[in-house]
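J.: I am sharing run.pdb, which consists of PDB, C-alpha atoms and all ligand atoms:
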ATOM      1  CA  MET A   1     -40.443  -1.612 -55.990
ATOM      2  CA  ASN A   2     -38.679  -0.313 -59.100
ATOM      3  CA  LYS A   3     -35.044  -0.581 -60.069
ATOM      4  CA  THR A   4     -34.077   2.789 -58.591
ATOM      5  CA  HIS A   5     -35.523   1.883 -55.191
ATOM      6  CA  LEU A   6     -33.803  -1.477 -55.326
ATOM      7  CA  THR A   7     -30.460   0.121 -56.162
ATOM      8  CA  TRP A   8     -30.779   2.698 -53.374
ATOM      9  CA  GLY A   9     -31.943   0.031 -50.947
ATOM     10  CA  LEU A  10     -29.025  -2.241 -51.792
ATOM     11  CA  MET A  11     -26.570   0.621 -51.534
ATOM     12  CA  ALA A  12     -27.918   1.633 -48.125
ATOM     13  CA  LEU A  13     -27.707  -1.968 -46.951
ATOM     14  CA  LEU A  14     -24.157  -2.388 -48.248
ATOM     15  CA  THR A  15     -23.067   0.934 -46.778
ATOM     16  CA  SER A  16     -24.451   0.080 -43.358
ATOM     17  CA  ALA A  17     -22.978  -3.437 -43.527
ATOM     18  CA  TRP A  18     -19.615  -2.046 -44.588
ATOM     19  CA  ALA A  19     -19.702   0.751 -41.999
ATOM     20  CA  GLY A  20     -20.799  -1.756 -39.380
ATOM     21  CA  ALA A  21     -18.013  -4.122 -40.247
ATOM     22  CA  ASP A  22     -15.484  -1.337 -40.287
ATOM     23  CA  ASP A  23     -16.519   0.085 -36.910
ATOM     24  CA  SER A  24     -17.190  -3.181 -35.158
ATOM     25  CA  PRO A  25     -14.543  -4.166 -32.651
ATOM     26  CA  ASN A  26     -11.986  -6.521 -34.118
ATOM     27  CA  ALA A  27      -8.539  -7.679 -33.194
ATOM     28  CA  ASN A  28      -6.572  -6.179 -36.060
ATOM     29  CA  ARG A  29      -7.554  -2.553 -35.351
ATOM     30  CA  HIS A  30      -4.295  -2.416 -33.415
ATOM     31  CA  ALA A  31      -0.849  -3.095 -34.897
ATOM     32  CA  PRO A  32       1.359  -5.924 -33.602
ATOM     33  CA  ILE A  33       2.192  -5.226 -29.939
ATOM     34  CA  GLY A  34       5.844  -4.437 -30.665
ATOM     35  CA  VAL A  35       4.787  -1.262 -32.528
ATOM     36  CA  MET A  36       4.335   1.907 -30.435
ATOM     37  CA  GLY A  37       2.007   4.765 -31.311
ATOM     38  CA  ASP A  38       0.309   2.744 -34.053
ATOM     39  CA  HIS A  39      -3.253   3.949 -33.479
ATOM     40  CA  THR A  40      -5.096   7.109 -32.484
ATOM     41  CA  HIS A  41      -8.249   7.408 -30.352
ATOM     42  CA  GLN A  42     -11.652   9.073 -30.679
ATOM     43  CA  GLN A  43     -12.284  12.272 -28.719
ATOM     44  CA  GLY A  44     -12.685  11.599 -24.989
ATOM     45  CA  GLU A  45     -11.287   8.069 -25.113
ATOM     46  CA  PHE A  46      -8.384   6.981 -22.944
ATOM     47  CA  MET A  47      -6.382   3.782 -22.863
ATOM     48  CA  PHE A  48      -4.104   1.979 -20.432
ATOM     49  CA  SER A  49      -1.488  -0.490 -21.578
ATOM     50  CA  TYR A  50       1.199  -2.734 -20.160
ATOM     51  CA  ARG A  51       3.937  -4.423 -22.165
ATOM     52  CA  PHE A  52       6.602  -6.862 -21.127
ATOM     53  CA  MET A  53       9.563  -7.301 -23.479
ATOM     54  CA  ASP A  54      12.318  -9.848 -23.173
ATOM     55  CA  MET A  55      15.311  -9.741 -25.466
ATOM     56  CA  GLY A  56      17.936 -12.465 -25.454
ATOM     57  CA  MET A  57      21.291 -11.954 -27.119
ATOM     58  CA  SER A  58      24.067 -14.474 -27.338
ATOM     59  CA  GLY A  59      27.384 -14.529 -29.195
ATOM     60  CA  MET A  60      29.267 -11.745 -30.937
ATOM     61  CA  VAL A  61      29.376 -10.291 -34.438
ATOM     62  CA  SER A  62      31.857  -8.120 -36.287
ATOM     63  CA  GLY A  63      30.294  -6.391 -39.286
ATOM     64  CA  THR A  64      28.163  -9.240 -40.663
ATOM     65  CA  ASP A  65      30.388 -12.079 -39.397
ATOM     66  CA  HIS A  66      29.799 -14.159 -36.298
ATOM     67  CA  LEU A  67      32.732 -14.396 -33.907
ATOM     68  CA  SER A  68      33.415 -17.077 -31.330
ATOM     69  CA  THR A  69      34.263 -16.057 -27.761
ATOM     70  CA  ALA A  70      37.822 -17.313 -28.391
ATOM     71  CA  GLU A  71      38.173 -15.025 -31.423
ATOM     72  CA  VAL A  72      37.047 -11.997 -29.374
ATOM     73  CA  LEU A  73      39.473 -13.004 -26.599
ATOM     74  CA  ASP A  74      42.375 -12.872 -29.088
ATOM     75  CA  ASP A  75      42.067  -9.076 -29.006
ATOM     76  CA  PHE A  76      40.336  -8.398 -25.686
ATOM     77  CA  MET A  77      40.732  -9.561 -22.108
ATOM     78  CA  MET A  78      36.975 -10.048 -21.719
ATOM     79  CA  SER A  79      34.101 -10.902 -24.030
ATOM     80  CA  PRO A  80      30.355 -10.715 -23.477
ATOM     81  CA  VAL A  81      28.819 -14.164 -23.884
ATOM     82  CA  ARG A  82      25.112 -13.589 -23.245
ATOM     83  CA  MET A  83      22.848 -10.689 -22.435
ATOM     84  CA  ASP A  84      19.237 -10.574 -21.351
ATOM     85  CA  MET A  85      17.150  -7.382 -21.347
ATOM     86  CA  LYS A  86      13.722  -7.210 -19.799
ATOM     87  CA  MET A  87      11.519  -4.150 -20.044
ATOM     88  CA  HIS A  88       8.246  -3.357 -18.292
ATOM     89  CA  MET A  89       6.319  -0.572 -20.038
ATOM     90  CA  LEU A  90       3.301   1.209 -18.629
ATOM     91  CA  GLY A  91       1.410   3.290 -21.168
ATOM     92  CA  PHE A  92      -1.370   5.827 -21.114
ATOM     93  CA  MET A  93      -3.213   7.428 -24.036
ATOM     94  CA  TYR A  94      -5.856  10.156 -24.060
ATOM     95  CA  ALA A  95      -7.570  11.901 -26.965
ATOM     96  CA  PRO A  96      -8.699  15.508 -26.251
ATOM     97  CA  THR A  97      -9.960  15.701 -29.862
ATOM     98  CA  ASP A  98     -10.493  13.261 -32.749
ATOM     99  CA  ARG A  99      -7.337  14.564 -34.364
ATOM    100  CA  LEU A 100      -5.061  14.629 -31.346
ATOM    101  CA  THR A 101      -4.099  11.724 -29.069
ATOM    102  CA  LEU A 102      -1.679  12.305 -26.193
ATOM    103  CA  MET A 103       0.442   9.561 -24.719
ATOM    104  CA  ALA A 104       2.823   8.867 -21.854
ATOM    105  CA  MET A 105       5.009   5.873 -21.116
ATOM    106  CA  LEU A 106       6.931   4.789 -18.021
ATOM    107  CA  ASN A 107       9.601   2.117 -18.370
ATOM    108  CA  HIS A 108      11.495  -0.176 -16.036
ATOM    109  CA  SER A 109      14.440  -2.216 -17.280
ATOM    110  CA  GLU A 110      16.433  -5.173 -16.027
ATOM    111  CA  LYS A 111      19.650  -6.247 -17.724
ATOM    112  CA  ASP A 112      22.009  -9.145 -17.180
ATOM    113  CA  MET A 113      25.279  -9.807 -18.961
ATOM    114  CA  VAL A 114      27.468 -12.882 -18.756
ATOM    115  CA  ILE A 115      31.130 -12.132 -19.481
ATOM    116  CA  GLN A 116      34.039 -14.490 -20.035
ATOM    117  CA  ASN A 117      37.705 -13.639 -19.482
ATOM    118  CA  ARG A 118      40.889 -15.150 -20.958
ATOM    119  CA  MET A 119      41.237 -17.594 -18.077
ATOM    120  CA  GLY A 120      37.884 -19.064 -19.076
ATOM    121  CA  MET A 121      36.186 -17.679 -16.001
ATOM    122  CA  ARG A 122      32.623 -16.435 -16.388
ATOM    123  CA  PHE A 123      30.870 -13.833 -14.286
ATOM    124  CA  ARG A 124      27.584 -11.945 -14.414
ATOM    125  CA  THR A 125      26.736  -8.265 -14.090
ATOM    126  CA  HIS A 126      23.252  -6.945 -13.430
ATOM    127  CA  SER A 127      21.534  -3.579 -13.649
ATOM    128  CA  SER A 128      17.937  -2.618 -13.007
ATOM    129  CA  GLY A 129      15.836   0.457 -12.491
ATOM    130  CA  THR A 130      13.626   3.088 -14.033
ATOM    131  CA  ALA A 131      14.462   3.657 -17.705
ATOM    132  CA  ASP A 132      13.737   6.818 -19.716
ATOM    133  CA  SER A 133      10.113   8.047 -19.836
ATOM    134  CA  LYS A 134       8.221   9.254 -22.874
ATOM    135  CA  ILE A 135       5.518  11.816 -23.409
ATOM    136  CA  GLY A 136       4.128  12.473 -26.816
ATOM    137  CA  ALA A 137       1.354  13.202 -29.239
ATOM    138  CA  LEU A 138      -0.192  11.503 -32.241
ATOM    139  CA  TYR A 139      -1.756  13.834 -34.776
ATOM    140  CA  ARG A 140      -4.181  12.462 -37.361
ATOM    141  CA  LEU A 141      -3.218  14.028 -40.708
ATOM    142  CA  LYS A 142      -5.540  12.374 -43.174
ATOM    143  CA  ASN A 143      -8.191   9.727 -43.652
ATOM    144  CA  TRP A 144      -9.086   8.429 -47.102
ATOM    145  CA  GLY A 145     -10.847   5.226 -48.108
ATOM    146  CA  HIS A 146      -9.650   2.550 -45.741
ATOM    147  CA  ASN A 147      -6.503   4.498 -44.914
ATOM    148  CA  GLN A 148      -5.325   6.654 -42.062
ATOM    149  CA  LEU A 149      -2.112   8.626 -41.792
ATOM    150  CA  HIS A 150      -0.926  10.121 -38.519
ATOM    151  CA  MET A 151       2.179  11.823 -37.220
ATOM    152  CA  ASN A 152       4.048  10.803 -34.062
ATOM    153  CA  PHE A 153       5.959  13.159 -31.859
ATOM    154  CA  ASN A 154       7.573  12.034 -28.589
ATOM    155  CA  VAL A 155       9.976  13.508 -26.101
ATOM    156  CA  SER A 156      12.083  11.048 -24.127
ATOM    157  CA  VAL A 157      12.969  12.356 -20.673
ATOM    158  CA  PRO A 158      16.160  10.919 -19.118
ATOM    159  CA  THR A 159      14.585   9.496 -15.958
ATOM    160  CA  GLY A 160      16.909   6.467 -16.102
ATOM    161  CA  SER A 161      20.515   6.265 -14.982
ATOM    162  CA  ILE A 162      23.831   6.331 -16.866
ATOM    163  CA  ASN A 163      25.678   5.404 -13.647
ATOM    164  CA  GLN A 164      24.653   1.764 -13.214
ATOM    165  CA  ARG A 165      27.336  -0.195 -11.364
ATOM    166  CA  ASP A 166      27.942  -3.741 -10.212
ATOM    167  CA  ASN A 167      30.647  -5.865  -8.618
ATOM    168  CA  THR A 168      33.018  -7.736 -10.952
ATOM    169  CA  PRO A 169      36.097  -9.916 -10.327
ATOM    170  CA  MET A 170      38.253  -6.879 -11.316
ATOM    171  CA  ALA A 171      36.714  -4.358  -8.973
ATOM    172  CA  GLU A 172      33.780  -3.772  -6.686
ATOM    173  CA  ASN A 173      31.076  -1.378  -7.728
ATOM    174  CA  MET A 174      32.433  -0.933 -11.264
ATOM    175  CA  LEU A 175      30.711   1.302 -13.803
ATOM    176  CA  LEU A 176      28.945  -0.922 -16.348
ATOM    177  CA  PRO A 177      29.409  -0.482 -20.130
ATOM    178  CA  TYR A 178      26.985   1.474 -22.377
ATOM    179  CA  GLY A 179      24.603  -1.381 -23.154
ATOM    180  CA  MET A 180      24.015  -2.071 -19.466
ATOM    181  CA  GLN A 181      22.901   1.509 -18.705
ATOM    182  CA  ASN A 182      19.160   2.208 -18.772
ATOM    183  CA  SER A 183      19.150   5.783 -20.000
ATOM    184  CA  SER A 184      20.501   7.891 -22.842
ATOM    185  CA  GLY A 185      21.157  10.642 -20.330
ATOM    186  CA  THR A 186      19.814  13.212 -22.808
ATOM    187  CA  TYR A 187      16.451  14.574 -23.929
ATOM    188  CA  ASP A 188      15.610  12.736 -27.142
ATOM    189  CA  TYR A 189      13.004  13.527 -29.759
ATOM    190  CA  GLN A 190      11.087  11.011 -31.803
ATOM    191  CA  LEU A 191       9.421  12.032 -35.029
ATOM    192  CA  GLY A 192       7.365   9.499 -36.924
ATOM    193  CA  LEU A 193       4.802   8.881 -39.617
ATOM    194  CA  THR A 194       2.319   6.010 -39.298
ATOM    195  CA  TRP A 195       0.062   4.606 -42.013
ATOM    196  CA  ASN A 196      -2.789   2.169 -41.369
ATOM    197  CA  GLN A 197      -5.091   0.495 -43.857
ATOM    198  CA  TYR A 198      -8.040  -1.363 -42.348
ATOM    199  CA  HIS A 199     -10.194  -3.916 -44.134
ATOM    200  CA  GLU A 200     -12.856  -6.207 -42.768
ATOM    201  CA  GLY A 201     -10.637  -9.283 -42.662
ATOM    202  CA  HIS A 202      -7.139  -7.901 -42.770
ATOM    203  CA  ALA A 203      -5.039  -4.790 -42.198
ATOM    204  CA  TRP A 204      -1.767  -3.242 -43.333
ATOM    205  CA  GLY A 205       0.445  -0.702 -41.693
ATOM    206  CA  ALA A 206       3.819   0.976 -41.783
ATOM    207  CA  GLN A 207       5.692   3.297 -39.483
ATOM    208  CA  LEU A 208       8.740   5.434 -40.080
ATOM    209  CA  MET A 209      10.369   6.638 -36.844
ATOM    210  CA  SER A 210      13.459   8.717 -36.190
ATOM    211  CA  THR A 211      15.015   9.183 -32.759
ATOM    212  CA  ILE A 212      17.121  12.310 -32.558
ATOM    213  CA  ARG A 213      19.271  12.807 -29.454
ATOM    214  CA  THR A 214      20.219  16.258 -28.295
ATOM    215  CA  GLY A 215      23.268  17.690 -26.568
ATOM    216  CA  GLU A 216      25.515  15.569 -24.427
ATOM    217  CA  ASN A 217      24.826  13.728 -21.178
ATOM    218  CA  ASP A 218      26.586  14.298 -17.846
ATOM    219  CA  ALA A 219      29.158  11.622 -18.713
ATOM    220  CA  GLY A 220      30.179  13.478 -21.881
ATOM    221  CA  TYR A 221      28.603  11.418 -24.665
ATOM    222  CA  ARG A 222      25.337  11.022 -26.500
ATOM    223  CA  LEU A 223      23.805   7.889 -27.991
ATOM    224  CA  GLY A 224      23.521   7.647 -31.784
ATOM    225  CA  HIS A 225      20.481   8.837 -33.709
ATOM    226  CA  GLU A 226      18.164   6.061 -34.899
ATOM    227  CA  HIS A 227      16.009   5.657 -38.004
ATOM    228  CA  ALA A 228      13.593   2.764 -38.246
ATOM    229  CA  LEU A 229      10.993   1.535 -40.706
ATOM    230  CA  THR A 230       8.547  -1.213 -39.869
ATOM    231  CA  ILE A 231       5.873  -2.737 -42.118
ATOM    232  CA  TRP A 232       3.187  -5.163 -40.978
ATOM    233  CA  GLY A 233       0.173  -7.060 -42.183
ATOM    234  CA  SER A 234      -2.477  -8.832 -40.165
ATOM    235  CA  LYS A 235      -5.217 -11.301 -40.952
ATOM    236  CA  ASN A 236      -8.339 -11.835 -38.888
ATOM    237  CA  LEU A 237      -8.942 -15.415 -37.858
ATOM    238  CA  SER A 238     -12.229 -14.232 -36.291
ATOM    239  CA  ASP A 239     -13.380 -10.895 -34.837
ATOM    240  CA  ALA A 240     -11.496 -11.792 -31.659
ATOM    241  CA  TRP A 241      -8.267 -13.228 -33.046
ATOM    242  CA  SER A 242      -5.771 -11.919 -35.573
ATOM    243  CA  LEU A 243      -2.407 -13.118 -36.786
ATOM    244  CA  SER A 244       0.326 -10.668 -37.818
ATOM    245  CA  GLY A 245       3.647 -10.580 -39.632
ATOM    246  CA  ARG A 246       6.119  -7.730 -39.507
ATOM    247  CA  LEU A 247       9.475  -6.662 -40.939
ATOM    248  CA  SER A 248      11.664  -3.944 -39.383
ATOM    249  CA  VAL A 249      14.820  -2.250 -40.536
ATOM    250  CA  LYS A 250      16.777  -0.039 -38.177
ATOM    251  CA  ASN A 251      19.836   2.126 -38.661
ATOM    252  CA  LYS A 252      21.602   3.358 -35.553
ATOM    253  CA  GLN A 253      24.644   5.601 -35.463
ATOM    254  CA  SER A 254      27.441   4.925 -33.014
ATOM    255  CA  ILE A 255      27.798   6.878 -29.770
ATOM    256  CA  LYS A 256      29.219  10.358 -30.183
ATOM    257  CA  GLY A 257      31.950  11.080 -27.644
ATOM    258  CA  SER A 258      32.632   8.600 -24.879
ATOM    259  CA  ASP A 259      32.367   8.116 -21.137
ATOM    260  CA  ALA A 260      35.848   8.945 -19.774
ATOM    261  CA  ARG A 261      35.203   6.576 -16.864
ATOM    262  CA  LEU A 262      35.071   3.659 -19.365
ATOM    263  CA  GLN A 263      38.364   4.513 -21.100
ATOM    264  CA  MET A 264      40.371   1.746 -19.399
ATOM    265  CA  MET A 265      37.598  -0.806 -19.805
ATOM    266  CA  ALA A 266      37.276  -0.029 -23.533
ATOM    267  CA  MET A 267      40.663  -1.676 -24.034
ATOM    268  CA  MET A 268      39.536  -4.760 -22.121
ATOM    269  CA  THR A 269      36.105  -5.438 -23.629
ATOM    270  CA  PRO A 270      34.340  -4.446 -26.881
ATOM    271  CA  ALA A 271      31.192  -3.689 -24.816
ATOM    272  CA  ALA A 272      32.860  -0.564 -23.396
ATOM    273  CA  ASN A 273      33.909   0.858 -26.780
ATOM    274  CA  ALA A 274      31.663   3.772 -27.811
ATOM    275  CA  ASP A 275      32.535   3.258 -31.496
ATOM    276  CA  PHE A 276      31.097  -0.274 -31.355
ATOM    277  CA  THR A 277      27.452   0.747 -31.000
ATOM    278  CA  GLY A 278      26.077   1.617 -34.467
ATOM    279  CA  GLY A 279      24.806  -0.596 -37.247
ATOM    280  CA  ASP A 280      21.949  -1.822 -39.418
ATOM    281  CA  TRP A 281      19.504  -4.494 -38.365
ATOM    282  CA  LEU A 282      16.713  -6.350 -40.165
ATOM    283  CA  ASP A 283      14.207  -8.204 -37.975
ATOM    284  CA  ALA A 284      11.143 -10.318 -38.748
ATOM    285  CA  ALA A 285       8.272 -10.913 -36.318
ATOM    286  CA  ILE A 286       5.086 -12.917 -36.005
ATOM    287  CA  GLY A 287       2.319 -11.970 -33.614
ATOM    288  CA  LEU A 288      -1.067 -12.844 -32.236
ATOM    289  CA  ASN A 289      -3.715 -10.331 -31.118
ATOM    290  CA  TYR A 290      -6.729 -11.263 -29.032
ATOM    291  CA  LEU A 291      -9.654  -8.939 -28.350
ATOM    292  CA  VAL A 292     -12.167 -10.060 -25.736
ATOM    293  CA  ILE A 293     -15.682  -9.655 -27.139
ATOM    294  CA  SER A 294     -18.166 -10.649 -24.449
ATOM    295  CA  GLU A 295     -20.943  -9.372 -22.231
ATOM    296  CA  GLY A 296     -18.675  -9.863 -19.256
ATOM    297  CA  TRP A 297     -16.223  -7.741 -17.331
ATOM    298  CA  PHE A 298     -13.298  -8.474 -19.703
ATOM    299  CA  ASP A 299     -15.105  -7.078 -22.758
ATOM    300  CA  GLY A 300     -12.805  -4.830 -24.791
ATOM    301  CA  HIS A 301      -9.576  -6.001 -23.168
ATOM    302  CA  ARG A 302      -6.810  -6.757 -25.644
ATOM    303  CA  PHE A 303      -4.025  -9.288 -25.149
ATOM    304  CA  ALA A 304      -1.189  -9.600 -27.612
ATOM    305  CA  PHE A 305       2.018 -11.503 -28.208
ATOM    306  CA  GLU A 306       4.823 -10.961 -30.676
ATOM    307  CA  TYR A 307       8.014 -12.897 -31.322
ATOM    308  CA  SER A 308      10.779 -11.159 -33.232
ATOM    309  CA  SER A 309      14.021 -12.559 -34.578
ATOM    310  CA  ASN A 310      17.026 -10.973 -36.273
ATOM    311  CA  ILE A 311      17.395 -11.791 -39.978
ATOM    312  CA  SER A 312      20.554  -9.883 -40.764
ATOM    313  CA  GLN A 313      22.824  -7.314 -39.189
ATOM    314  CA  ASP A 314      25.822  -5.230 -40.106
ATOM    315  CA  VAL A 315      27.394  -3.667 -37.030
ATOM    316  CA  ALA A 316      30.205  -1.207 -36.363
ATOM    317  CA  GLY A 317      33.152  -2.895 -34.656
ATOM    318  CA  ILE A 318      32.382  -5.913 -32.473
ATOM    319  CA  GLN A 319      28.959  -6.169 -30.838
ATOM    320  CA  MET A 320      26.551  -8.714 -29.415
ATOM    321  CA  ASP A 321      24.441 -10.737 -31.830
ATOM    322  CA  GLN A 322      20.981  -9.121 -31.874
ATOM    323  CA  GLY A 323      19.120 -12.374 -31.143
ATOM    324  CA  ASP A 324      15.432 -12.832 -30.372
ATOM    325  CA  MET A 325      12.811 -10.781 -28.595
ATOM    326  CA  TRP A 326       9.299 -11.441 -27.444
ATOM    327  CA  THR A 327       6.665  -8.981 -26.285
ATOM    328  CA  LEU A 328       3.551  -9.610 -24.253
ATOM    329  CA  GLY A 329       0.955  -6.880 -23.908
ATOM    330  CA  TRP A 330      -2.368  -5.855 -22.456
ATOM    331  CA  GLN A 331      -4.455  -2.866 -23.559
ATOM    332  CA  LYS A 332      -7.827  -1.473 -22.566
ATOM    333  CA  ALA A 333      -9.575   1.630 -23.835
ATOM    334  CA  PHE A 334     -12.372   3.432 -21.962
TER     335      PHE A 334
HETATM  336 CU    CU B   1      -4.437   3.354 -27.525
END
How would this structure read if it were set down as structure tokens?
T.:
Amino acid sequence: MNKTHLTWGLMALLTSAWAGADDSPNANRHAPIGVMGDHTHQQGEFMFSYRFMDMGMSGMVSGTDHLSTAEVLDDFMMSPVRMDMKMHMLGFMYAPTDRLTLMAMLNHSEKDMVIQNRMGMRFRTHSSGTADSKIGALYRLKNWGHNQLHMNFNVSVPTGSINQRDNTPMAENMLLPYGMQNSSGTYDYQLGLTWNQYHEGHAWGAQLMSTIRTGENDAGYRLGHEHALTIWGSKNLSDAWSLSGRLSVKNKQSIKGSDARLQMMAMMTPAANADFTGGDWLDAAIGLNYLVISEGWFDGHRFAFEYSSNISQDVAGIQMDQGDMWTLGWQKAF
């Protein structure tokens, strides 16, 4: 064997090893579970997913400053104390071609808010039901080296309700404030750009996503547009396990217009003020991805966990402290 043969042989071996490593199933081929529309599929593939998100907020902020309940009660008759939001998300993806992946998502939300009034009395309001649904497409723009760039386009259909009510000490069956509703009440468009860089032992990714709301809902307002950037990195612990870190920045505008039915309540609690809904948030998250690699029935199933915490925030008016969120997910492609 001469040098040329050896070189070609080595190159072939390296290429197949590299290609093998790159194509072989491994946990960090998917972004942290809190990221949506992070990956595309091969022609003919489809995928089911389920996510459970739980977000816990407690305390109030004004701009960047934390406020005590007593401070809020200096200006308002009632102050939110705690809020818990749970979301169940059922997802479906299908790729008619290598370039195009279609997706759909159904959501169910449950929200609880504990409120305190000036007399020191606390009460709880609850809302639950179908939230807004999403249909969309991911279009693969470019692959080069270890990189992939794709575009995201989603339409959010207002299948949720902007008329959630509950009993309170003031009145029975009262309309709940904006944050307790589970719909925008409008058709919203999401436009995004997603970059992934895959290596054998680690991966990088970033996603830019804008949510543009259209028109005005039946109650005479529309939620603020949102712009978000998230950047993540993940490291394989083995083929099956990967560890991830992620940073997200989000800018949200305040509600345009207001719900006339909340006019009285807006004077009583900051939660019912439409101008107190915008802001900037920076969150950091850590996550764990697990891909089952076995001969058994669970082969190819993915399980993932992510815990996210607010690092800094600058909000319009007086709002709830962003707090912590965790996400649990399952995914399986066929
Ligand atoms: Cu998928």
J.: Can I get the residues of segment 44-69 of chain A within 12 Å of segment 272-282 of chain A, each with the closest pair of atoms and their distance in Å to one decimal, using all atoms listed in the file, sorted chain first then ascending number, as a Markdown table?
T.:
| residue | atom | partner | partner_atom | distance |
| --- | --- | --- | --- | --- |
| A:Met60 | CA | A:Phe276 | CA | 11.6 |
| A:Val61 | CA | A:Phe276 | CA | 10.6 |
| A:Ser62 | CA | A:Phe276 | CA | 9.3 |
| A:Gly63 | CA | A:Gly279 | CA | 8.2 |
| A:Thr64 | CA | A:Asp280 | CA | 9.8 |
J.: Check what the PyMOL selection byres (((not hetatm)) within 10 of (chain B and resi 1)) selects in the file above and give those residues as a list in words.
T.: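 Residues picked by the PyMOL selection byres (((not hetatm)) within 10 of (chain B and resi 1)): His30, Met36, Gly37, Asp38, His39, Thr40, His41, Gln42, Glu45, Phe46, Met47, Phe48, Ser49, Gly91, Phe92, Met93, Tyr94, Ala95, Thr101, Leu102, Met103, Gln331, Lys332, Ala333 and Phe334 of chain A.
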J.: Applied to the shown file, which residues does the PyMOL selection byres (((chain A and resi 310) around 12) and not hetatm) return, written as a PyMOL selection string?
T.: chain A and resi 55-58+246-250+280-285+307-309+311-314+320-326
J.: Using only C-alpha atoms, pick whichever of A:Leu237, A:Val155, A:Met265, A:Val315 has the shortest atom-to-atom distance to Pro177 of chain A.
T.: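 Of all the options, A:Met265 lies closest to Pro177 of chain A.
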J.: Which residue gives the smallest distance to Ser133 of chain A among A:Thr159, A:Asn217, A:Asn117, A:Ser183, with only C-alpha atoms counted?
T.: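 Looking only at the distances to Ser133 of chain A, the closest residue turns out to be A:Thr159.
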J.: Can you tell me how far atom CA of Val114 of chain A sits from atom CA of Ala219 of chain A, in Å to one decimal?
T.: 24.6 Å
J.: Please indicate the distance in Å from atom CA of Asn147 of chain A to atom CA of Asn289 of chain A, rounded to one decimal place.
T.: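 According to the coordinates, atom CA of Asn147 of chain A and atom CA of Asn289 of chain A are separated by 20.4 Å.
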J.: Which one of A:Leu67, A:Ala240, A:Ala31, A:Met85 sits closest to Gly129 of chain A if you count all atoms listed in the file?
T.: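 Of all the options, A:Met85 lies closest to Gly129 of chain A.
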J.: Would you pick out the contacts of Arg118 of chain A at 8 Å or less, using only C-alpha atoms, so that residues sharing its chain but fewer than 2 positions from it are not included, and give the list as a PDB file with C-alpha atoms, in the frame of the given file?
T.:
ATOM      1  CA  LEU A  73      39.473 -13.004 -26.599  1.00  0.00           C
ATOM      2  CA  MET A  77      40.732  -9.561 -22.108  1.00  0.00           C
ATOM      3  CA  MET A  78      36.975 -10.048 -21.719  1.00  0.00           C
ATOM      4  CA  GLN A 116      34.039 -14.490 -20.035  1.00  0.00           C
ATOM      5  CA  GLY A 120      37.884 -19.064 -19.076  1.00  0.00           C
ATOM      6  CA  MET A 121      36.186 -17.679 -16.001  1.00  0.00           C
TER       7      MET A 121
END
J.: Between A:Arg165, A:Leu138, A:Ile286, A:Phe76, single out the one closest to Met264 of chain A, counting all atoms listed in the file.
T.: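 The shortest atom-to-atom distance to Met264 of chain A comes from A:Phe76.
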J.: Excluding same-chain residues fewer than 2 positions from Leu175 of chain A, what lies within 12 Å of it counting all atoms listed in the file, as a compact mmCIF listing (two decimals) with C-alpha atoms, in the coordinates of the input?
T.:
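So the final result, stored in around.txt, reads:
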# COMPACT_ATOMS: atom_id res chain seq x y z
CA THR A 125 26.74 -8.26 -14.09
CA HIS A 126 23.25 -6.94 -13.43
CA SER A 127 21.53 -3.58 -13.65
CA SER A 161 20.52 6.26 -14.98
CA ILE A 162 23.83 6.33 -16.87
CA ASN A 163 25.68 5.40 -13.65
CA GLN A 164 24.65 1.76 -13.21
CA ARG A 165 27.34 -0.20 -11.36
CA ASP A 166 27.94 -3.74 -10.21
CA ASN A 167 30.65 -5.86 -8.62
CA THR A 168 33.02 -7.74 -10.95
CA MET A 170 38.25 -6.88 -11.32
CA ALA A 171 36.71 -4.36 -8.97
CA GLU A 172 33.78 -3.77 -6.69
CA ASN A 173 31.08 -1.38 -7.73
CA PRO A 177 29.41 -0.48 -20.13
CA TYR A 178 26.98 1.47 -22.38
CA GLY A 179 24.60 -1.38 -23.15
CA MET A 180 24.02 -2.07 -19.47
CA GLN A 181 22.90 1.51 -18.70
CA ALA A 219 29.16 11.62 -18.71
CA ASP A 259 32.37 8.12 -21.14
CA ALA A 260 35.85 8.94 -19.77
CA ARG A 261 35.20 6.58 -16.86
CA LEU A 262 35.07 3.66 -19.36
CA GLN A 263 38.36 4.51 -21.10
CA MET A 264 40.37 1.75 -19.40
CA MET A 265 37.60 -0.81 -19.80
CA ALA A 266 37.28 -0.03 -23.53
CA ALA A 272 32.86 -0.56 -23.40
J.: Any idea what the distance is between atom CA of Ser109 of chain A and atom CA of Asn182 of chain A?
T.: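 For atom CA of Ser109 of chain A relative to atom CA of Asn182 of chain A, the distance reads 6.6 Å.
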J.: Here's the selection I'm unsure about, the PyMOL selection byres (((chain A and resi 152) around 6) and not hetatm); applied to the file above, which residues does it give, as a list in words?
T.: Leu138, Met151, Phe153, Leu191, Gly192 and Leu193 of chain A
J.: Tell me which of A:Leu288, A:Glu110, A:Thr269, A:Thr230 sits closest to Asp75 of chain A, counting only C-alpha atoms.
T.: A:Thr269
J.: Draw an axis-aligned box over all listed atoms of segment 257-274 of chain A, pad each side with 8 Å, and write its centre and edge lengths in Å, one decimal, as AutoDock Vina command-line options.
T.:
--center_x 35.9 --center_y 2.8 --center_z -22.3 --size_x 25.5 --size_y 32.5 --size_z 26.9
J.: Given only C-alpha atoms as the basis, pick out the residue of A:His199, A:Lys134, A:Arg122, A:Arg222 nearest to Asn26 of chain A.
T.: A:His199
